[in-house]
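To keep things clear, I will list the structure first and then write my remarks on it.
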Amino acid sequence: MTVAPATRETGALARFGTALRRHKMASLGGGIVVLAALSAIFAPWLSPHDPLEQDVLLRLAGPSADFPLGNDSFGRDILSRILWGGRVSLYVSTASVLIAIVLGGAIGILAGYVGGLFDRIVMAAMDVLLSFPTLVMGLLVVAMLGPTVGNLILAITLTAVAPFARIARAPTLTIKERDFIEAGRALGFSNLRIMIVHILPNVIDEILVMASLWLATAIRTEASLSFIGLGVRPPTATWGGMIREGFENILDQPLLAIFPSIAILVVMFGLNMLGDGLRDTSDPRLRHE
Amino acid sequence: MSDASGRELALDVRGLTTEFRINGRWYPAVRDVSFALKRNETLALVGESGCGKSITALSIMGLVPKANGRVAAGQVLLDGRNLLALSEQQMEKIRGGAIAMIFQEPMTSLNPVLPIGFQVAEALRYHTDLSESEAKARALELLQHVKIPSAARRITDYPHQFSGGMRQRVMIAIALACNPRVILADEPTTALDVTIQAQVLALLAELKAETGLAMIFITHNLGVVASIADRVAVMYAGDIVELAEVGELFRRPTHPYTEALLASIPRVDRDAGDLKPIPGQVPPITAMPAGCRYADRCPLREPRCTQESPPLSPLADSAEHFARCWVRAGTGGSAA
Amino acid sequence: MLTYIVKRLLVGVPTLLAVLTVVFFFVRIAPGDPAFIILGDQASPQALAAVRHDLGLDQPMLAQYADFMAMVLRGDLGNSLVTHQSVWGEVAKVLPYTIELTLTALAIGTVLGLPLGVLAARRRNEFIDYAARFLSLLGLSFPAFVSAILLLLAFAIELRWFPVISEARANDPMSRLSALALPAVNLGLIMVAYVMRVARSSMLGVLGEDYIRTARSKGVPAGIVVWRHALRNALIPVVTVVGLYLGVLIGNSVLTEIVFNRPGLGKLIVNALNQRDYTMLEGLMVIYAFFIVIANLLTDLTYGMVDPRVKHQ
């Protein structure tokens, strides 16, 4: 009883196709995000009009040749305002998530490294922060400290720090046991640096997944606060503010609310797809689908 | 491998081939495996990790994960019915009833949110006419039979309240509940302490004697094989490479792999310096060679071995002893 | 089980005290003087001092803290700086609306989300799985106020199935129901997205466990394997997520109430923020603290019911 020889063309092509299929979600999401970010960064050049320029005659006008998406209640160009609104969202979300990663990472590593009572106190503080939903925290901070971009970033960072601290702390604990148990209480900057070097490659996957999800949360929170009226002050264009305006004029010109809604929806959908796709490709259990 | 009369066989496996999909292509993990299990016989299925012994058992039970596995060919005859041809519904009536399986990991093989008594009685509810209270009574009997202390009190306890050895006994009780004709035991003692191992093996031997059931015992431990098996099938890289009665196998290991396995066991009466590991490695499932799969590591390798895969043939002087080897077992007779 | 409940209650108390303390300090670090707010900036220094004395703001911090705690435990949350009505009174007026909205949303979320998640897990990688995953991802991408506005636009303004301005009359069940519908659907659908995802991934994880293989090896029919063996185990992470989701639900409720002009705690919060009504804010945060602790307790209790290992810790 003989068996036919197994052909060797496991095919680099076949493997590539599988990888592409798996990464489809992540790349599609990533593509959307990159496009959105670029349009926000290049808004000054892409906008056909000045986002603050008013024209009473064009108040709540629908789409036209000059103004592809129509005009808002002050006659301003909706398309330009959406592009510029993207800048606010981009700025607030990336700033808060980056700070949260750096700060949270530092806190997590420090707490894990030092251990003991310090660790317990820090983690308890993180738990308290975790019990505040981001929007509620945003409401509180803005109410107490005023509606500035800085305070918005502060509020979001406060809630985002805890998850990143957790991500950084777990491998710290493991590595601490492994590498330093013989050295006893080894103190010294070089030891800390070695630990960080070990930790980073392990957590990069998790951090990327978390980061894309928190970018979405940040954008949503900023928009929600602007909608309530506690966000970045007008006349600066923000997606949330535009939707608020659209809500106030919803019976006269629904498009004013619809277009910025689509903008937020697309960006958040892209970020969620990116986060999901990244999570799927990094989870070994799901790899053999 | 022919049998005197079909009725003496508890299970007849013919040409079983099970494949897995890796990176889009199907590769056989179990290739053309055939053996017959007689009534009240213990057949040991021996081999190193990854040789396909567990998959063989799962294939018989119809439990190969469907996501990327499939039984590609063969027949598994139980009472003349081919299990592989049955629908899922029909198979559900057989599993736990006529055939039962004991798994390797007692710590994770019991449902943590259901009481032990319920899990033991469950099979009875699907394979017999017993009422709920009758099934419960029978479950208690079974737990006592596998020597769970204070069974009456503990029948409502949950798995996490039992030790590993106890949980494995519960698994045995579950498997025995409906008086199966065949039990597939997949390394039931590997995850247990040595002392507990001995107890569980003794229990299995006792139960086998009492009920006359046939057992396929999967293990990589040749010591266990020597103590409980009637016949042994040695597997390597998805093939059965040797099949013989247990004493015969230990006296005259014929296939070079079997020989090497026996020689590599550390013994108390020999120096550690005499340890003889087998050189080389098992070929990966995605790159199996065309000829004999063991040829690469075999000291007896001849040119023919790398070109053509040998059939499982009986030895010239022993019709019940089979080996898959061109050098040692020529081409006499026919392999099933 | 009883000892378990008592233990969880005991853990809840220090948490509550900690959060209340945070509330206390949070309100007092805010810039701005409540006295100015009440009297306006034309008031004389004496009048301002009198109001500060009334509010107890001229006492040392520790005394204020003690007073605050005493008041909370008495159930007295003070009076609104704006309306001069008792905070608790204002809250009690709108509480029924918030409760009915929250419970309805929770019901929609679990009743629809769980079966969908289980179905997607059982039919993994088939069309219905992809469709469910896509839709739930989409659902998560709608900020609550965006979906609310779109629902309003579609069903109230265009189709006229529901009133644009909701007039929930307490004694007219039909009008209450029609005022409840769109807000509840808004909150509920978002929650379906969350629950469906975690139910699916949790169920997939459970279906791969060894004890499921054991159940199948006993010949238990496939449907019963899912229903009796898998589901209870899969529920455990779902309970966790629903517990965490309650916080998100609060934020979404606030937004939903604004869009649908619905009475509830959300509007109270926003008005209090806009008007710098510190007493009201403080009172609302106290209520929020209690809510969090009770929600945690309920979550723990549900664990206890579903997972026997928890009770024996």
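Starting from 1 in every chain, residues are counted up; chains themselves are A, B, ... following the order of the structure tokens, and ligands are numbered from 1 as listed.
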Between chain C and chain A, at 6 Å or less, what are the per-residue closest atom pairs and their distances in Å? Count only C-alpha atoms, order by chain and rising residue number, and return it as JSON lines.
{"residue": "C:Ala30", "atom": "CA", "partner": "A:Met144", "partner_atom": "CA", "distance": 4.8}
{"residue": "C:Ser141", "atom": "CA", "partner": "A:Phe269", "partner_atom": "CA", "distance": 5.1}
{"residue": "C:Phe142", "atom": "CA", "partner": "A:Leu265", "partner_atom": "CA", "distance": 5.8}
{"residue": "C:Pro143", "atom": "CA", "partner": "A:Arg220", "partner_atom": "CA", "distance": 5.9}
{"residue": "C:Gly247", "atom": "CA", "partner": "A:Pro133", "partner_atom": "CA", "distance": 5.2}
{"residue": "C:Val248", "atom": "CA", "partner": "A:Pro133", "partner_atom": "CA", "distance": 5.8}
{"residue": "C:Gly251", "atom": "CA", "partner": "A:Leu135", "partner_atom": "CA", "distance": 5.6}
{"residue": "C:Leu273", "atom": "CA", "partner": "A:Ala143", "partner_atom": "CA", "distance": 5.7}
Using only C-alpha atoms and a distance of at most 9 Å, pull out the residues of chain B that contact chain C, as a VMD selection string. chain B and resid 61 to 63 88 to 89 91 to 97 99 to 103 105 108 to 114 119 122 to 123 126 to 127 158 160 to 161 171 174 to 175
Go ahead and dump the residues you just picked, C-alpha atoms, as a PDB file, in the first residue's frame.
ATOM      1  CA  MET B  61     -15.979   8.269  18.348  1.00  0.00           C
ATOM      2  CA  GLY B  62     -16.770  10.760  15.626  1.00  0.00           C
ATOM      3  CA  LEU B  63     -15.334  13.592  17.717  1.00  0.00           C
ATOM      4  CA  GLU B  88     -24.587  12.782  13.712  1.00  0.00           C
ATOM      5  CA  GLN B  89     -27.938  11.903  15.280  1.00  0.00           C
ATOM      6  CA  MET B  91     -23.817   8.574  16.303  1.00  0.00           C
ATOM      7  CA  GLU B  92     -25.217  10.368  19.355  1.00  0.00           C
ATOM      8  CA  LYS B  93     -27.129   7.202  20.198  1.00  0.00           C
ATOM      9  CA  ILE B  94     -23.949   5.155  20.070  1.00  0.00           C
ATOM     10  CA  ARG B  95     -21.604   7.443  21.968  1.00  0.00           C
ATOM     11  CA  GLY B  96     -21.828   6.889  25.671  1.00  0.00           C
ATOM     12  CA  GLY B  97     -23.965   3.832  25.015  1.00  0.00           C
ATOM     13  CA  ILE B  99     -18.836   2.934  23.044  1.00  0.00           C
ATOM     14  CA  ALA B 100     -17.488   5.279  25.681  1.00  0.00           C
ATOM     15  CA  MET B 101     -14.307   7.293  26.049  1.00  0.00           C
ATOM     16  CA  ILE B 102     -12.140   8.345  28.960  1.00  0.00           C
ATOM     17  CA  PHE B 103     -10.034  11.421  28.386  1.00  0.00           C
ATOM     18  CA  GLU B 105      -7.221  15.566  31.536  1.00  0.00           C
ATOM     19  CA  THR B 108     -10.783  20.012  32.700  1.00  0.00           C
ATOM     20  CA  SER B 109     -12.973  17.199  31.432  1.00  0.00           C
ATOM     21  CA  LEU B 110     -15.816  17.735  33.885  1.00  0.00           C
ATOM     22  CA  ASN B 111     -18.288  20.597  33.661  1.00  0.00           C
ATOM     23  CA  PRO B 112     -17.560  22.973  36.568  1.00  0.00           C
ATOM     24  CA  VAL B 113     -21.125  24.208  36.964  1.00  0.00           C
ATOM     25  CA  LEU B 114     -22.927  20.866  37.117  1.00  0.00           C
ATOM     26  CA  GLN B 119     -22.891  14.317  35.063  1.00  0.00           C
ATOM     27  CA  GLU B 122     -26.679  12.025  32.250  1.00  0.00           C
ATOM     28  CA  ALA B 123     -25.674   9.281  29.827  1.00  0.00           C
ATOM     29  CA  TYR B 126     -30.163   9.265  26.899  1.00  0.00           C
ATOM     30  CA  HIS B 127     -29.311   5.605  26.442  1.00  0.00           C
ATOM     31  CA  TYR B 158     -19.080  19.940  42.167  1.00  0.00           C
ATOM     32  CA  HIS B 160     -13.754  21.541  41.934  1.00  0.00           C
ATOM     33  CA  GLN B 161     -14.350  19.823  45.251  1.00  0.00           C
ATOM     34  CA  MET B 171     -14.776   9.953  34.419  1.00  0.00           C
ATOM     35  CA  ILE B 174     -19.356   8.187  33.474  1.00  0.00           C
ATOM     36  CA  ALA B 175     -17.840   5.966  30.791  1.00  0.00           C
TER      37      ALA B 175
END
Give me, as a list in words, all polymer residues having an atom no more than 10 Å from Ala107 (chain C), counting only C-alpha atoms and skipping those fewer than 3 positions away in the same chain. Leu101, Thr102, Leu103, Thr104, Thr110, Val111, Leu112, Gly113, Ala184, Gly188, Met191 and Val192 of chain C
Please identify all residues of chain B having at least one atom at most 10 Å from any atom of chain A, considering only C-alpha atoms, and return them as a list in words.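 Matching residues, ligands excluded from the count: Arg21, Ile22, Asn23, Gly24, Arg25, Tyr27, Arg31, Asp32, Ala67, Asn68, Ile285, Thr286, Ala287, Met288, Pro289, Ala290, Gly291, Cys292, Gln307, Glu308, Ser309, Pro310, Pro311, Leu312, Ser334 and Ala335 of chain B.
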Counting only C-alpha atoms, what is within 9 Å of region 322-327 of chain B, bar same-chain residues fewer than 5 positions away, as a ChimeraX atom specification? /B:239-244,254-256,292,300-302,304-305,309-315,335
Please, which residues of region 12-250 of chain C, numbered as in this document, come out helix (DSSP H, G or I) from DSSP, as a PyMOL selection string? chain C and resi 12-29+34-39+45-55+61-74+87-122+127-140+144-158+173-207+210-217+222-250
One decimal, Å: what's the distance from CA of Ala229 (chain B) over to CA of Ile216 (chain B), could you say?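 Calculated distance between CA of Ala229 (chain B) and CA of Ile216 (chain B) is 9.0 Å.
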Do a neighbour search on Ala191 (chain B) at 12 Å with only C-alpha atoms, toss out local chain neighbours closer than 6 positions, and write the hits as a tab-separated table (two decimals) with N, CA and C atoms, in the first residue's frame.
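Contents of the output file result32.tsv:
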chain	number	residue	atom	x	y	z
B	103	PHE	N	-11.01	10.48	28.90
B	103	PHE	CA	-10.03	11.42	28.39
B	103	PHE	C	-8.86	11.62	29.31
B	104	GLN	N	-7.87	12.35	28.80
B	104	GLN	CA	-6.60	12.44	29.50
B	104	GLN	C	-6.62	13.39	30.67
B	105	GLU	N	-7.34	14.50	30.54
B	105	GLU	CA	-7.22	15.57	31.54
B	105	GLU	C	-8.42	15.59	32.49
B	106	PRO	N	-8.34	14.93	33.62
B	106	PRO	CA	-9.49	14.92	34.52
B	106	PRO	C	-9.81	16.32	35.06
B	107	MET	N	-8.82	17.19	35.12
B	107	MET	CA	-9.07	18.49	35.73
B	107	MET	C	-9.98	19.35	34.87
B	108	THR	N	-9.96	19.15	33.56
B	108	THR	CA	-10.78	20.01	32.70
B	108	THR	C	-11.88	19.27	31.97
B	163	SER	N	-10.35	15.84	44.02
B	163	SER	CA	-8.95	15.85	43.57
B	163	SER	C	-8.86	15.25	42.17
B	164	GLY	N	-7.66	15.35	41.57
B	164	GLY	CA	-7.46	14.83	40.21
B	164	GLY	C	-7.76	13.35	40.09
B	165	GLY	N	-7.25	12.59	41.04
B	165	GLY	CA	-7.48	11.15	41.00
B	165	GLY	C	-8.97	10.81	41.13
B	167	ARG	N	-11.43	12.76	40.31
B	167	ARG	CA	-12.13	13.18	39.09
B	167	ARG	C	-11.97	12.14	37.99
B	168	GLN	N	-10.80	11.53	37.92
B	168	GLN	CA	-10.61	10.51	36.89
B	168	GLN	C	-11.49	9.31	37.19
B	197	GLN	N	-2.04	6.49	39.82
B	197	GLN	CA	-2.02	5.75	38.56
B	197	GLN	C	-2.26	4.28	38.81
B	200	VAL	N	-5.84	3.54	39.72
B	200	VAL	CA	-6.78	3.64	38.60
B	200	VAL	C	-6.63	2.46	37.65
B	219	THR	N	-1.46	5.05	25.34
B	219	THR	CA	-0.44	5.48	26.29
B	219	THR	C	0.90	5.63	25.59
Would you work out the distance separating CA of Pro28 (chain B) from CA of Tyr257 (chain B), expressed in Å to one decimal?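 These atoms are spaced 20.3 Å apart.
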I need the residues of region 95-309 of chain B that end up classed as strand (DSSP E) by DSSP on the backbone, written out as a list in words.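 Here is the list: Ile99, Ala100, Met101, Ile102, Val182, Ile183, Leu184, Ala185, Asp186, Ala214, Met215, Ile216, Phe217, Ile218, Thr219, Arg231, Val232, Ala233, Val234, Met235, Tyr236, Asp239, Ile240, Val241, Glu242, Leu243, Ala244 and Glu245 of chain B.
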Selected residue of minimal separation from Asp66 (chain A) among A:Leu173, A:Ser47, A:Gly231, A:Ile82, counting only C-alpha atoms: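 Closest candidate: A:Ser47.
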Neighbour list for Ala211 (chain A) as a PyMOL selection string, cut-off 8 Å, only C-alpha atoms, skip fewer than 3 positions in-chain: chain A and resi 97+101+207-208+214-215+275
